[in-house]
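Novice: Below is the structure I would like to discuss, written out as structure tokens.
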Amino acid sequence: MGYYNMNVRKIAFIAIFSATALIISLFENLLPPILPILPFAKVGISHIIILAAIIMLGKGEAMIVFAVRTVFAAIFSGNPTMLLYSLPAGLVSLLIMILLLKSGKFGLPAISAASGSMHNLVQICIAALITRSAAVFAYLPYLMTFGAIAGIVTGIVCCALIKKLPSKIFDY
């Protein structure tokens, strides 16, 4: 297989992962809140695809998947303001996943739990900056706990997904 075909194949996989993450994200936005007392808390199901992209495609490719999913989710949901929260929180979350994976000391559920908690921490900090109120930090313990639990679940699902996908298709 020539160099050109390898790049086309890589781009195709990035597109497939991006589209999958976007569809999952849009679907999750349609679901009712899991915890009515925290109506803005989401499980972050699309992070399964982002974590799988890091492992199966690479760090740079996963960053592209993340950026495409985040920007298009904001556009398609008609809420561009969500980028103020999603981009920085998602970027920190992605970097945490990359660093913890690189360390080789943690399993996917633990990596995903740390990532989910940090995502929520960053979003609370951004909310505090935007509202100019420290009152939003009252939600922090609940969101950190929810993020860790949701992260464990998404990490377990990601493990199952990676085991089911044939690894040969990612040899490019």
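Naming works like this for the structure tokens: A, B, ... for the chains as they're shown, residue 1 at the start of each chain, ligands 1 onward in shown order.
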Just the residues within 6 Å of Ala148 of chain A, please, counting only C-alpha atoms, with nothing from its chain fewer than 2 positions along; format it as a list in words.

Specialist: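 Residues meeting the cut-off are Ala113, Gly116, Ser117, Thr145, Phe146, Ala150 and Gly151 of chain A.
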
Novice: Can you write out the residues you just picked, keeping N, CA and C atoms, as a short mmCIF file (atom, residue, chain, number, x, y, z; two decimals), in the first residue's frame?

Specialist:
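So part.cif came out as:
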```cif
data_model
loop_
_atom_site.label_atom_id
_atom_site.label_comp_id
_atom_site.auth_asym_id
_atom_site.auth_seq_id
_atom_site.Cartn_x
_atom_site.Cartn_y
_atom_site.Cartn_z
N ALA A 113 -12.22 8.23 34.30
CA ALA A 113 -12.76 8.86 35.51
C ALA A 113 -12.02 10.16 35.80
N GLY A 116 -13.10 12.71 33.17
CA GLY A 116 -14.46 13.23 33.42
C GLY A 116 -14.50 14.22 34.56
N SER A 117 -13.78 13.93 35.62
CA SER A 117 -13.74 14.85 36.76
C SER A 117 -13.08 16.17 36.38
N THR A 145 -17.82 14.06 41.49
CA THR A 145 -18.24 12.68 41.75
C THR A 145 -18.96 12.10 40.55
N PHE A 146 -19.90 12.85 40.00
CA PHE A 146 -20.63 12.40 38.82
C PHE A 146 -19.68 12.16 37.66
N ALA A 150 -19.31 8.59 35.89
CA ALA A 150 -19.59 8.53 34.44
C ALA A 150 -18.34 8.11 33.69
N GLY A 151 -17.18 8.61 34.12
CA GLY A 151 -15.92 8.25 33.48
C GLY A 151 -15.60 6.77 33.61
#
```

Novice: Identify, on the basis of only C-alpha atoms, every residue whose closest approach to Leu94 of chain A does not exceed 8 Å; exclude the query and any residue fewer than 2 positions from it along the same chain; express the result as a list in words.

Specialist: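 Residues near the query, excluding close chain neighbours: Ile50, Leu51, Met63, Gly90, Leu91, Val92, Ile96, Met97, Ile98 and Ser115 of chain A.
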
Novice: Return as a PyMOL selection string the full set of residues in chain A whose backbone-based DSSP assignment is alpha helix (DSSP H).

Specialist: chain A and resi 3-30+47-56+59-77+82-103+108-131+140-164

Novice: To one decimal place, how far is atom CA of Ala114 of chain A from atom CA of Ile162 of chain A in Å?

Specialist: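 These two atoms are separated by 19.5 Å.
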
Novice: Neighbours of segment 7-19 of chain A within 7 Å (only C-alpha atoms; same-chain residues fewer than 5 positions away dropped), as a PyMOL selection string?

Specialist: chain A and resi 49+53+61+65+68-69

Novice: Based on the selection just made, write all heavy atoms of those residues as a compact mmCIF listing (two decimals), in the first residue's frame.

Specialist:
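Here's the written file out-v4.txt:
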```txt
# COMPACT_ATOMS: atom_id res chain seq x y z
N ILE A 49 -15.56 7.46 22.26
CA ILE A 49 -14.97 7.51 20.91
C ILE A 49 -13.66 8.29 20.94
O ILE A 49 -12.69 7.91 20.26
CB ILE A 49 -15.96 8.13 19.91
CG1 ILE A 49 -17.31 7.38 19.93
CG2 ILE A 49 -15.37 8.16 18.51
CD1 ILE A 49 -17.22 5.89 19.66
N ALA A 53 -10.15 6.80 19.99
CA ALA A 53 -9.37 7.44 18.93
C ALA A 53 -7.92 7.64 19.36
O ALA A 53 -7.00 7.44 18.56
CB ALA A 53 -10.00 8.77 18.52
N GLU A 61 -4.60 12.63 15.82
CA GLU A 61 -5.86 12.27 15.17
C GLU A 61 -7.03 12.41 16.14
O GLU A 61 -8.11 12.86 15.78
CB GLU A 61 -5.78 10.86 14.60
CG GLU A 61 -4.82 10.70 13.44
CD GLU A 61 -3.35 10.52 13.85
OE1 GLU A 61 -3.04 10.61 15.06
OE2 GLU A 61 -2.52 10.31 12.96
N VAL A 65 -10.52 14.60 15.96
CA VAL A 65 -11.84 14.03 16.25
C VAL A 65 -12.54 14.88 17.31
O VAL A 65 -13.71 15.25 17.16
CB VAL A 65 -11.74 12.56 16.69
CG1 VAL A 65 -13.08 12.04 17.18
CG2 VAL A 65 -11.21 11.69 15.56
N VAL A 68 -13.54 18.39 15.80
CA VAL A 68 -14.68 18.26 14.87
C VAL A 68 -15.97 18.01 15.66
O VAL A 68 -16.99 18.68 15.42
CB VAL A 68 -14.42 17.13 13.84
CG1 VAL A 68 -15.69 16.78 13.08
CG2 VAL A 68 -13.30 17.53 12.88
N ARG A 69 -15.92 17.08 16.58
CA ARG A 69 -17.12 16.77 17.38
C ARG A 69 -17.59 17.98 18.17
O ARG A 69 -18.78 18.31 18.17
CB ARG A 69 -16.83 15.59 18.32
CG ARG A 69 -18.06 15.04 19.01
CD ARG A 69 -18.29 15.44 20.41
NE ARG A 69 -17.12 15.35 21.26
CZ ARG A 69 -17.03 15.99 22.41
NH1 ARG A 69 -18.02 16.74 22.84
NH2 ARG A 69 -15.96 15.91 23.14
```

Novice: Between atom CA of Pro141 of chain A and atom CA of Leu38 of chain A, what is the distance in Å, rounded to a tenth?

Specialist: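 Those two atoms sit 11.7 Å apart.
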
Novice: Go through A:Ile23, A:Leu108, A:Leu143, A:Ile34 one by one, measure the shortest atom-to-atom distance of each to Ile156 of chain A using only C-alpha atoms, and give the residue with the smallest value.

Specialist: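 Looking only at the distances to Ile156 of chain A, the closest residue turns out to be A:Leu108.
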
Novice: Between A:Ala135, A:Ala52, A:Ser112, A:His47, which has the minimum distance to Leu165 of chain A (counting only C-alpha atoms)?

Specialist: A:Ala52

Novice: Tell me which of A:Ala110, A:Ala21, A:Ala67, A:Ile37 sits closest to Gly147 of chain A, counting only C-alpha atoms.

Specialist: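 Selected residue with least distance to Gly147 of chain A: A:Ala110.
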
Novice: Choose the residue, out of A:Thr131, A:Glu28, A:Ser93, A:Ala138, that has the smallest atom-to-atom separation from Met118 of chain A; count only C-alpha atoms.

Specialist: A:Ser93

Novice: Quick one: distance from atom CA of Ile126 of chain A to atom CA of Ser86 of chain A in Å, one decimal?

Specialist: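 Atom-to-atom, atom CA of Ile126 of chain A and atom CA of Ser86 of chain A are spaced 9.9 Å apart.
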
Novice: Need the shell around Ser25 of chain A: protein/DNA/RNA residues with any atom at most 9 Å away, counting only C-alpha atoms. Skip same-chain ones fewer than 4 positions apart. Format as a PyMOL selection string?

Specialist: chain A and resi 20-21+29-30+44-47+69-70+73

Novice: Would you please work out which residue, of A:Ala41, A:Ile48, A:Cys125, A:Ile55, is nearest to Thr154 of chain A when using only C-alpha atoms?

Specialist: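 Ranked by minimum distance to Thr154 of chain A, first place goes to A:Ile48.
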
Novice: Restricting the calculation to only C-alpha atoms: of A:Ile75, A:Leu100, A:Leu84, A:Leu121, which residue gets closest to Ile54 of chain A?

Specialist: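 Nearest candidate to Ile54 of chain A out of A:Ile75, A:Leu100, A:Leu84, A:Leu121: A:Leu100.
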